[in-house]
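Enquirer: This is structure.cif, which holds mmCIF, C-alpha atoms:
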```cif
data_target
loop_
_atom_site.label_atom_id
_atom_site.label_comp_id
_atom_site.auth_asym_id
_atom_site.auth_seq_id
_atom_site.Cartn_x
_atom_site.Cartn_y
_atom_site.Cartn_z
CA MET N 873 128.35 -94.64 -182.29
CA ILE N 874 130.54 -93.85 -185.29
CA ALA N 875 132.61 -96.82 -186.44
CA LEU N 876 136.36 -96.83 -186.94
CA PRO N 877 137.72 -96.34 -190.46
CA SER N 878 138.24 -99.53 -192.48
CA ASN N 879 141.14 -101.82 -191.56
CA ASP N 880 142.78 -101.10 -194.93
CA GLU N 881 142.61 -97.37 -194.31
CA MET N 882 144.01 -97.66 -190.78
CA TYR N 883 146.81 -99.96 -191.89
CA GLN N 884 147.82 -97.47 -194.59
CA ALA N 885 147.79 -94.68 -191.96
CA LEU N 886 150.07 -96.87 -189.83
CA LEU N 887 152.50 -97.36 -192.74
CA ASP N 888 152.46 -93.61 -193.44
CA LYS N 889 152.77 -92.67 -189.73
CA ASN N 890 149.90 -90.28 -190.40
CA SER N 891 149.46 -87.94 -187.42
CA GLN N 892 145.88 -87.08 -188.45
CA TYR N 893 144.87 -90.51 -187.13
CA GLU N 894 146.33 -89.88 -183.65
CA GLY N 895 143.59 -90.59 -181.14
CA VAL N 896 141.39 -92.19 -183.81
CA PHE N 897 142.73 -95.73 -183.41
CA ILE N 898 145.27 -97.89 -181.59
CA VAL N 899 146.95 -100.86 -183.29
CA GLY N 900 147.68 -104.16 -181.56
CA VAL N 901 150.52 -106.31 -182.91
CA LYS N 902 149.63 -109.99 -182.46
CA THR N 903 153.21 -111.30 -182.83
CA THR N 904 154.64 -109.12 -180.04
CA GLY N 905 151.61 -108.52 -177.81
CA ILE N 906 152.13 -104.73 -177.78
CA PHE N 907 149.89 -101.87 -178.89
CA CYS N 908 151.06 -98.70 -180.63
CA ARG N 909 150.05 -95.28 -181.90
CA PRO N 910 149.45 -94.75 -185.64
CA THR N 911 152.68 -92.68 -185.70
CA CYS N 912 154.94 -95.27 -184.01
CA SER N 913 158.44 -95.32 -185.52
CA ALA N 914 159.02 -99.02 -184.80
CA ARG N 915 159.23 -101.51 -187.67
CA LYS N 916 155.79 -102.01 -189.22
CA PRO N 917 154.06 -105.39 -188.76
CA LYS N 918 152.41 -107.31 -191.57
CA TYR N 919 148.72 -106.67 -192.22
CA GLU N 920 147.67 -110.10 -191.01
CA ASN N 921 149.45 -109.53 -187.68
CA VAL N 922 147.52 -106.46 -186.53
CA GLU N 923 144.14 -105.64 -185.05
CA PHE N 924 142.69 -102.21 -184.41
CA PHE N 925 141.03 -100.66 -181.35
CA GLY N 926 139.26 -97.40 -180.64
CA SER N 927 141.14 -96.77 -177.37
CA THR N 928 144.07 -97.86 -175.23
CA LYS N 929 141.54 -99.29 -172.76
CA GLU N 930 140.24 -101.70 -175.42
CA ALA N 931 143.79 -102.76 -176.29
CA LEU N 932 144.67 -103.36 -172.63
CA THR N 933 141.44 -105.32 -172.08
CA SER N 934 142.41 -107.52 -175.04
CA GLY N 935 145.69 -108.44 -173.36
CA TYR N 936 148.11 -106.09 -175.13
CA ARG N 937 150.80 -104.04 -173.34
CA ALA N 938 151.93 -100.52 -174.22
CA CYS N 939 154.79 -100.00 -176.70
CA LYS N 940 157.95 -98.53 -175.14
CA VAL N 941 158.84 -96.73 -178.38
CA CYS N 942 155.73 -94.61 -178.99
CA ARG N 943 154.35 -94.76 -175.41
CA PRO N 944 150.63 -94.74 -176.33
CA MET N 945 149.50 -94.26 -172.71
CA LYS N 946 150.89 -90.70 -172.73
CA THR N 947 149.25 -87.73 -174.40
CA TYR N 948 150.61 -87.41 -177.92
CA GLN N 949 153.62 -85.08 -178.11
CA SER N 950 153.56 -84.04 -174.47
CA HIS N 951 157.08 -83.21 -173.34
CA PRO N 952 159.26 -86.33 -173.02
CA ASP N 953 160.39 -87.26 -169.51
CA TRP N 954 164.08 -86.53 -170.25
CA LEU N 955 163.28 -82.90 -171.15
CA VAL N 956 161.04 -82.04 -168.16
CA PRO N 957 163.91 -81.27 -165.69
CA LEU N 958 165.49 -78.84 -168.18
CA LEU N 959 162.22 -77.03 -168.82
CA LYS N 960 161.72 -76.74 -165.05
CA LEU N 961 165.18 -75.16 -164.69
CA VAL N 962 164.43 -72.71 -167.49
CA GLU N 963 161.12 -71.77 -165.86
CA GLU N 964 162.88 -71.18 -162.52
CA HIS N 965 165.47 -68.91 -164.20
CA PRO N 966 163.60 -67.09 -167.01
CA ASP N 967 166.26 -64.37 -167.35
CA LYS N 968 169.22 -66.74 -167.73
CA LYS N 969 170.99 -67.02 -171.09
CA TRP N 970 171.75 -70.71 -171.33
CA LYS N 971 174.88 -71.97 -173.08
CA ASP N 972 175.41 -75.38 -174.66
CA PHE N 973 178.21 -76.26 -172.25
CA GLU N 974 175.81 -75.67 -169.33
CA PHE N 975 173.37 -78.16 -170.82
CA THR N 976 176.19 -80.69 -171.07
CA GLN N 977 177.22 -80.08 -167.46
CA LEU N 978 173.63 -80.77 -166.38
CA GLY N 979 173.56 -84.04 -168.31
CA PHE N 980 171.58 -82.86 -171.36
CA SER N 981 172.73 -83.28 -174.97
CA PRO N 982 172.53 -79.85 -176.69
CA SER N 983 172.02 -81.52 -180.08
CA ARG N 984 169.18 -83.66 -178.74
CA VAL N 985 167.46 -80.62 -177.21
CA ARG N 986 167.94 -78.72 -180.49
CA ARG N 987 166.50 -81.56 -182.60
CA TYR N 988 163.47 -81.92 -180.34
CA PHE N 989 162.58 -78.22 -180.50
CA LYS N 990 163.12 -78.02 -184.26
CA LYS N 991 160.85 -81.02 -184.79
CA THR N 992 158.19 -80.05 -182.24
CA HIS N 993 158.15 -76.23 -182.42
CA GLY N 994 159.92 -75.49 -185.70
CA ILE N 995 162.53 -73.33 -183.93
CA THR N 996 165.73 -73.95 -181.98
CA PHE N 997 165.69 -74.07 -178.20
CA GLN N 998 167.72 -70.83 -178.05
CA ALA N 999 165.15 -69.11 -180.30
CA TYR N 1000 162.40 -70.45 -178.04
CA LEU N 1001 164.15 -68.94 -174.99
CA ARG N 1002 164.64 -65.57 -176.73
CA MET N 1003 160.98 -65.44 -177.73
CA SER N 1004 159.91 -66.36 -174.20
CA ARG N 1005 162.02 -63.55 -172.71
CA ILE N 1006 160.61 -61.01 -175.16
CA ASN N 1007 157.07 -62.19 -174.45
CA ASN N 1008 157.64 -61.93 -170.68
CA ALA N 1009 159.03 -58.42 -171.16
CA PHE N 1010 156.03 -57.37 -173.26
CA LEU N 1011 153.59 -58.57 -170.59
CA LYS N 1012 155.51 -56.75 -167.84
CA ILE N 1013 155.60 -53.50 -169.85
CA LYS N 1014 151.84 -53.72 -170.42
CA GLU N 1015 151.44 -54.11 -166.65
CA GLY N 1016 153.25 -50.79 -166.17
CA GLN N 1017 156.89 -51.79 -165.74
CA THR N 1018 159.44 -49.49 -167.38
CA VAL N 1019 161.23 -50.65 -170.53
CA THR N 1020 164.60 -50.35 -168.80
CA GLN N 1021 163.55 -52.40 -165.78
CA SER N 1022 161.97 -55.06 -167.98
CA ALA N 1023 165.07 -55.31 -170.19
CA PHE N 1024 167.45 -55.94 -167.29
CA GLU N 1025 165.02 -58.31 -165.54
CA GLN N 1026 165.03 -60.46 -168.69
CA GLY N 1027 168.84 -60.70 -168.66
CA TYR N 1028 169.70 -58.12 -171.32
CA GLU N 1029 172.93 -56.24 -170.64
CA SER N 1030 172.00 -53.15 -172.65
CA LEU N 1031 168.78 -51.31 -173.37
CA SER N 1032 169.72 -50.92 -177.05
CA GLY N 1033 170.26 -54.66 -177.47
CA PHE N 1034 166.90 -55.39 -175.85
CA SER N 1035 165.08 -52.79 -177.96
CA GLU N 1036 166.61 -54.09 -181.20
CA THR N 1037 165.71 -57.72 -180.41
CA PHE N 1038 162.21 -56.71 -179.30
CA LYS N 1039 161.57 -54.75 -182.50
CA ASN N 1040 162.97 -57.50 -184.75
CA MET N 1041 160.58 -60.03 -183.21
CA THR N 1042 157.45 -57.91 -182.83
CA GLY N 1043 157.74 -55.22 -185.49
CA PHE N 1044 157.41 -52.36 -182.99
CA SER N 1045 159.52 -50.82 -180.25
CA PRO N 1046 159.01 -51.68 -176.56
CA GLY N 1047 156.77 -49.19 -174.82
CA THR N 1048 154.91 -48.19 -178.00
CA GLN N 1049 151.42 -49.27 -179.02
CA GLY N 1050 151.54 -52.76 -180.47
CA GLN N 1051 149.94 -56.16 -180.24
CA ILE N 1052 151.52 -59.56 -179.65
CA ILE N 1053 149.81 -62.89 -180.06
CA THR N 1054 151.41 -65.34 -177.62
CA VAL N 1055 151.64 -68.76 -179.24
CA ASN N 1056 152.58 -72.21 -178.03
CA ARG N 1057 151.74 -75.86 -178.56
CA ILE N 1058 149.51 -77.88 -176.28
CA PRO N 1059 149.16 -81.68 -176.36
CA THR N 1060 145.74 -83.30 -176.83
CA PRO N 1061 144.58 -86.91 -177.33
CA LEU N 1062 144.14 -86.12 -181.04
CA GLY N 1063 147.60 -84.63 -181.53
CA PRO N 1064 149.29 -81.32 -180.72
CA MET N 1065 147.45 -78.06 -181.30
CA MET N 1066 148.83 -74.59 -181.89
CA ILE N 1067 147.26 -72.03 -179.59
CA GLY N 1068 147.39 -68.25 -179.91
CA VAL N 1069 146.10 -65.76 -177.34
CA THR N 1070 146.07 -62.07 -176.52
CA ASP N 1071 145.11 -60.37 -173.27
CA GLU N 1072 141.59 -60.13 -174.70
CA GLY N 1073 141.13 -63.83 -175.39
CA LEU N 1074 141.74 -66.86 -177.60
CA CYS N 1075 142.32 -66.18 -181.30
CA LEU N 1076 143.89 -69.39 -182.61
CA LEU N 1077 143.44 -73.09 -181.83
CA GLU N 1078 144.33 -75.45 -184.65
CA PHE N 1079 145.88 -78.89 -185.06
CA THR N 1080 149.50 -78.35 -186.02
CA ASP N 1081 149.21 -80.56 -189.11
CA ARG N 1082 146.05 -78.83 -190.34
CA LYS N 1083 146.14 -78.00 -194.03
CA MET N 1084 146.45 -74.27 -194.73
CA ILE N 1085 147.39 -73.41 -191.14
CA GLU N 1086 150.09 -71.05 -192.44
CA THR N 1087 147.45 -69.14 -194.43
CA GLN N 1088 145.19 -68.95 -191.37
CA ILE N 1089 148.05 -67.54 -189.31
CA GLU N 1090 148.91 -64.88 -191.90
CA VAL N 1091 145.26 -63.78 -192.14
CA LEU N 1092 145.04 -63.54 -188.34
CA LYS N 1093 148.26 -61.49 -188.09
CA LYS N 1094 147.05 -59.13 -190.80
CA ARG N 1095 143.60 -58.62 -189.31
CA THR N 1096 144.87 -58.05 -185.77
CA LYS N 1097 148.01 -56.15 -186.90
CA SER N 1098 150.03 -58.40 -184.64
CA GLU N 1099 153.15 -60.52 -184.55
CA MET N 1100 153.37 -63.95 -182.98
CA VAL N 1101 155.86 -64.70 -180.22
CA THR N 1102 156.28 -68.07 -178.50
CA GLY N 1103 155.80 -67.92 -174.75
CA LYS N 1104 153.50 -68.45 -171.79
CA HIS N 1105 150.27 -66.64 -170.95
CA PRO N 1106 147.54 -67.18 -168.31
CA MET N 1107 144.97 -67.49 -171.09
CA ILE N 1108 146.85 -70.49 -172.54
CA ASP N 1109 146.67 -72.19 -169.15
CA LYS N 1110 142.92 -71.50 -168.91
CA VAL N 1111 142.23 -72.92 -172.37
CA SER N 1112 144.39 -75.99 -171.65
CA VAL N 1113 142.46 -76.77 -168.47
CA GLN N 1114 139.08 -76.49 -170.19
CA LEU N 1115 140.23 -78.54 -173.21
CA ASN N 1116 141.44 -81.31 -170.90
CA GLU N 1117 138.05 -81.29 -169.18
CA TYR N 1118 136.35 -81.54 -172.58
CA PHE N 1119 138.46 -84.51 -173.67
CA GLU N 1120 137.84 -86.22 -170.32
CA GLY N 1121 134.08 -85.89 -170.86
CA LYS N 1122 133.71 -83.46 -167.95
CA ARG N 1123 132.91 -80.28 -169.93
CA LYS N 1124 130.26 -79.54 -172.55
CA ASN N 1125 130.53 -75.75 -172.75
CA PHE N 1126 133.56 -73.48 -172.77
CA ASP N 1127 133.99 -70.25 -170.83
CA ILE N 1128 136.72 -68.65 -172.94
CA PRO N 1129 136.67 -65.09 -174.36
CA LEU N 1130 137.21 -65.28 -178.13
CA VAL N 1131 138.97 -62.90 -180.51
CA VAL N 1132 137.56 -63.61 -183.99
CA PRO N 1133 138.34 -60.85 -186.49
CA GLY N 1134 136.54 -61.46 -189.78
CA THR N 1135 133.82 -60.22 -192.09
CA GLU N 1136 130.34 -59.61 -190.77
CA PHE N 1137 129.11 -62.80 -192.48
CA GLN N 1138 131.96 -64.92 -191.07
CA GLN N 1139 131.30 -63.68 -187.56
CA LYS N 1140 127.59 -64.46 -188.02
CA VAL N 1141 128.45 -68.05 -189.04
CA TRP N 1142 130.97 -68.52 -186.20
CA ASP N 1143 128.49 -67.15 -183.65
CA ALA N 1144 125.88 -69.63 -184.91
CA LEU N 1145 128.41 -72.47 -184.56
CA VAL N 1146 129.06 -71.64 -180.90
CA LYS N 1147 125.32 -71.93 -180.24
CA ILE N 1148 125.06 -75.53 -181.50
CA PRO N 1149 124.63 -77.65 -178.35
CA PHE N 1150 127.15 -80.31 -177.33
CA GLY N 1151 126.36 -83.62 -179.02
CA VAL N 1152 124.09 -82.03 -181.67
CA THR N 1153 124.81 -81.78 -185.40
CA ARG N 1154 123.44 -79.60 -188.18
CA SER N 1155 123.70 -79.80 -191.95
CA TYR N 1156 125.28 -76.99 -193.95
CA LYS N 1157 121.80 -76.17 -195.26
CA GLN N 1158 120.36 -75.95 -191.73
CA GLN N 1159 123.23 -73.71 -190.73
CA ALA N 1160 122.60 -71.44 -193.70
CA ASP N 1161 118.97 -71.15 -192.59
CA VAL N 1162 120.09 -70.23 -189.05
CA VAL N 1163 122.28 -67.37 -190.34
CA GLY N 1164 119.34 -66.06 -192.40
CA ASP N 1165 120.10 -67.11 -195.97
CA VAL N 1166 119.08 -70.64 -196.89
CA LYS N 1167 120.72 -70.23 -200.32
CA ALA N 1168 124.15 -69.43 -198.83
CA VAL N 1169 125.16 -73.05 -198.25
CA ARG N 1170 128.52 -72.70 -200.01
CA ALA N 1171 129.31 -69.44 -198.25
CA VAL N 1172 128.51 -71.05 -194.90
CA ALA N 1173 130.77 -74.00 -195.73
CA ARG N 1174 133.56 -71.62 -196.70
CA ALA N 1175 133.18 -69.63 -193.45
CA ASN N 1176 133.25 -72.90 -191.51
CA GLY N 1177 136.55 -73.76 -193.16
CA GLU N 1178 137.95 -70.34 -192.27
CA ASN N 1179 137.25 -70.83 -188.55
CA ARG N 1180 140.56 -70.50 -186.68
CA ILE N 1181 139.38 -71.83 -183.30
CA SER N 1182 138.74 -75.57 -183.52
CA ILE N 1183 136.54 -77.42 -181.00
CA ILE N 1184 135.62 -74.31 -179.00
CA ILE N 1185 133.96 -72.88 -182.11
CA PRO N 1186 132.58 -76.31 -183.01
CA CYS N 1187 132.65 -76.44 -186.80
CA HIS N 1188 132.96 -80.24 -186.41
CA ARG N 1189 129.23 -80.32 -185.59
CA ILE N 1190 128.32 -79.45 -189.20
CA ILE N 1191 127.74 -82.51 -191.40
CA GLY N 1192 126.40 -83.30 -194.86
CA SER N 1193 122.63 -83.28 -195.54
CA ASP N 1194 122.79 -87.08 -195.88
CA GLY N 1195 124.52 -87.42 -192.49
CA SER N 1196 127.98 -87.94 -193.98
CA ILE N 1197 131.05 -86.76 -192.05
CA VAL N 1198 132.76 -84.40 -194.48
CA GLY N 1199 134.81 -81.23 -194.61
CA TYR N 1200 137.15 -80.76 -191.66
CA GLY N 1201 140.49 -78.96 -191.88
CA GLY N 1202 141.99 -81.02 -189.06
CA GLY N 1203 141.11 -84.29 -190.83
CA VAL N 1204 137.80 -86.11 -191.23
CA HIS N 1205 138.83 -88.78 -188.73
CA ARG N 1206 139.36 -86.21 -186.01
CA LYS N 1207 135.87 -84.93 -186.81
CA GLN N 1208 134.55 -88.49 -186.46
CA TRP N 1209 136.31 -88.85 -183.12
CA LEU N 1210 134.97 -85.55 -181.78
CA LEU N 1211 131.38 -86.36 -182.77
CA LYS N 1212 131.63 -89.86 -181.30
CA HIS N 1213 133.09 -88.38 -178.10
CA GLU N 1214 130.21 -85.91 -177.79
CA PHE N 1215 127.49 -88.44 -178.58
CA GLU N 1216 128.85 -90.82 -175.93
CA ASN N 1217 129.19 -88.11 -173.28
CA ASN N 1218 125.96 -86.22 -173.94
#
```
Using the file provided, produce a representation of the structure as structure tokens.

Expert:
Amino acid sequence: MIALPSNDEMYQALLDKNSQYEGVFIVGVKTTGIFCRPTCSARKPKYENVEFFGSTKEALTSGYRACKVCRPMKTYQSHPDWLVPLLKLVEEHPDKKWKDFEFTQLGFSPSRVRRYFKKTHGITFQAYLRMSRINNAFLKIKEGQTVTQSAFEQGYESLSGFSETFKNMTGFSPGTQGQIITVNRIPTPLGPMMIGVTDEGLCLLEFTDRKMIETQIEVLKKRTKSEMVTGKHPMIDKVSVQLNEYFEGKRKNFDIPLVVPGTEFQQKVWDALVKIPFGVTRSYKQQADVVGDVKAVRAVARANGENRISIIIPCHRIIGSDGSIVGYGGGVHRKQWLLKHEFENN
């Protein structure tokens, strides 16, 4: 079993509200009897008044109760309860153009909805709805629906307005050859992940606070000649189900088609990663030997870092020659958690 980080390190993460430690530890506050996430926004306790646990179960067993501010019993950054009814309404009426006064009439604060989407998705709720409509239209057109029919089904009053919006978002006109990567965010026990899919398969799965994620996205768009549009897709649902099974300890292997554009060497490295069994680790040197060039340790490490599909292409299973847990774009402590999870469920 891999131990938790030091108390000093975890306390500093608590002070910094560092999201890279989500899922790595839970903090119990002795003076209040509650336990919190590392990212809790409540006033921070003194060092001598906290103790750390590896799971909510351990905190509960020790007599602590869940914090009502950060709600540690819920998956990190899953949709808050107050927003769920609105999202259900939007899903039931995908072609409707919602106005702020309608939100107010339904009991929702437009400014609160706007702030949540800006913080969580980086776009306004209205932009999210527009992207979703365009994505739905693109999928329908690919299925054989006419551009005109698709435009009016998505609530557009004119074909020209639909075509202009479609082209502004995707870079190509509806009905012409083009590629869209459907993106969204999915909650996990280790924090939210950005997922990107095409009809062919999964092409992006990264923690949203991963360093250099913007660069990864730009490389992916360039190599696939695609634009990214927020929306829903059956492939996202499939990946979400299998990821949940993995985190629950019920799945060791994934059955997901992958889209991994890259150099021949990168694809060789990524293919070798997929073949590392659940619960098994390799050193960078061993991995270099597997891909056929024992001297290419640095190149292997670089290709590992350029992997755009975390967990499913398990670059977290590569460790230092001395057994040290190093080099993970999503944060070393997530890598520690993933390895611990696999060792305990193997």

Enquirer: Could you make a table, as a Markdown table, of the residues of region 1048-1141 of chain N that have an atom within 12 Å of an atom of region 911-928 of chain N, each with its nearest atom pair and distance in Å to one decimal, counting all atoms listed in the file, in chain and number order?

Expert:
```
| residue | atom | partner | partner_atom | distance |
| --- | --- | --- | --- | --- |
| N:Pro1061 | CA | N:Ser927 | CA | 10.4 |
| N:Leu1062 | CA | N:Ser927 | CA | 11.7 |
| N:Gly1063 | CA | N:Thr911 | CA | 10.4 |
```

Enquirer: Running the PyMOL selection byres ((chain N and resi 1154) around 7) on this model by hand, what would come out? Give it as a PyMOL selection string.

Expert: chain N and resi 1152-1153+1155-1156+1158-1159+1189-1191

Enquirer: Enter the distance from CA of Phe1038 (chain N) to CA of His951 (chain N), in Å, rounded to one decimal.

Expert: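 Pair CA of Phe1038 (chain N) / CA of His951 (chain N) returns 27.6 Å.
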
Enquirer: Hey, which of N:Leu1074, N:Ile1089, N:Ile995, N:Leu1130 ends up closest to Ser1112 (chain N)? Count all atoms listed in the file.

Expert: N:Leu1074

Enquirer: Compile the contact shell of His1205 (chain N) as a list of chain:residue names: residues with an atom at most 9 Å away, counting all atoms listed in the file, same-chain residues fewer than 4 positions apart removed.

Expert: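 In the requested format, the answer is N:Leu876, N:Pro877, N:Gln892, N:Tyr893, N:Val896, N:Ile1197, N:Tyr1200, N:Trp1209, N:Leu1210.
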
Enquirer: Give me the result of the PyMOL selection byres ((chain N and resi 1214) around 12) on this file, residue by residue, as a PyMOL selection string.

Expert: chain N and resi 873-874+1118-1125+1149-1153+1183+1186+1188-1189+1207-1213+1215-1218

Enquirer: To one decimal place in Å, what is the distance between CA of Leu1115 (chain N) and CA of Pro910 (chain N)?

Expert: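 Going from CA of Leu1115 (chain N) over to CA of Pro910 (chain N), I get 22.4 Å.
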
Enquirer: Would you write out, as JSON, numbers by chain, every residue that the PyMOL selection byres ((chain N and resi 1052) around 6) captures in this file?

Expert: {"N": [1051, 1053, 1098, 1099, 1100]}

Enquirer: Would you list the contacts of region 952-954 of chain N as a compact mmCIF listing (two decimals) with C-alpha atoms, keeping the file's coordinate frame, taking every protein, DNA or RNA residue within 12 Å and counting only C-alpha atoms, but skipping same-chain residues closer than 3 positions in sequence?

Expert:
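Output file out.txt is given in full below:
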```txt
# COMPACT_ATOMS: atom_id res chain seq x y z
CA VAL N 941 158.84 -96.73 -178.38
CA CYS N 942 155.73 -94.61 -178.99
CA ARG N 943 154.35 -94.76 -175.41
CA LYS N 946 150.89 -90.70 -172.73
CA THR N 947 149.25 -87.73 -174.40
CA TYR N 948 150.61 -87.41 -177.92
CA GLN N 949 153.62 -85.08 -178.11
CA PRO N 957 163.91 -81.27 -165.69
CA LEU N 958 165.49 -78.84 -168.18
CA LEU N 959 162.22 -77.03 -168.82
CA LYS N 960 161.72 -76.74 -165.05
CA LEU N 978 173.63 -80.77 -166.38
CA GLY N 979 173.56 -84.04 -168.31
CA PHE N 980 171.58 -82.86 -171.36
CA SER N 981 172.73 -83.28 -174.97
CA ARG N 984 169.18 -83.66 -178.74
CA VAL N 985 167.46 -80.62 -177.21
CA TYR N 988 163.47 -81.92 -180.34
CA PHE N 989 162.58 -78.22 -180.50
CA THR N 992 158.19 -80.05 -182.24
CA PRO N 1059 149.16 -81.68 -176.36
```

Enquirer: Write out as JSON, numbers by chain the residues lying within 10 Å of Gly1177 (chain N), counting only C-alpha atoms and excluding same-chain residues fewer than 2 positions away.

Expert: {"N": [1171, 1172, 1173, 1174, 1175, 1179, 1180, 1187, 1199, 1200, 1201, 1202]}

Enquirer: Here is a test: counting only C-alpha atoms, which residue of N:Ala1009, N:Val1055, N:Ala931, N:Ala1160 is nearest to Gly1103 (chain N)?

Expert: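 Ranking N:Ala1009, N:Val1055, N:Ala931, N:Ala1160 by distance to Gly1103 (chain N), first place goes to N:Val1055.
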
Enquirer: Using only C-alpha atoms, which of N:Ser1196, N:Gly1033, N:Glu1178, N:Gly1134 sits nearest Gln1088 (chain N)?

Expert: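 The shortest atom-to-atom distance to Gln1088 (chain N) comes from N:Glu1178.
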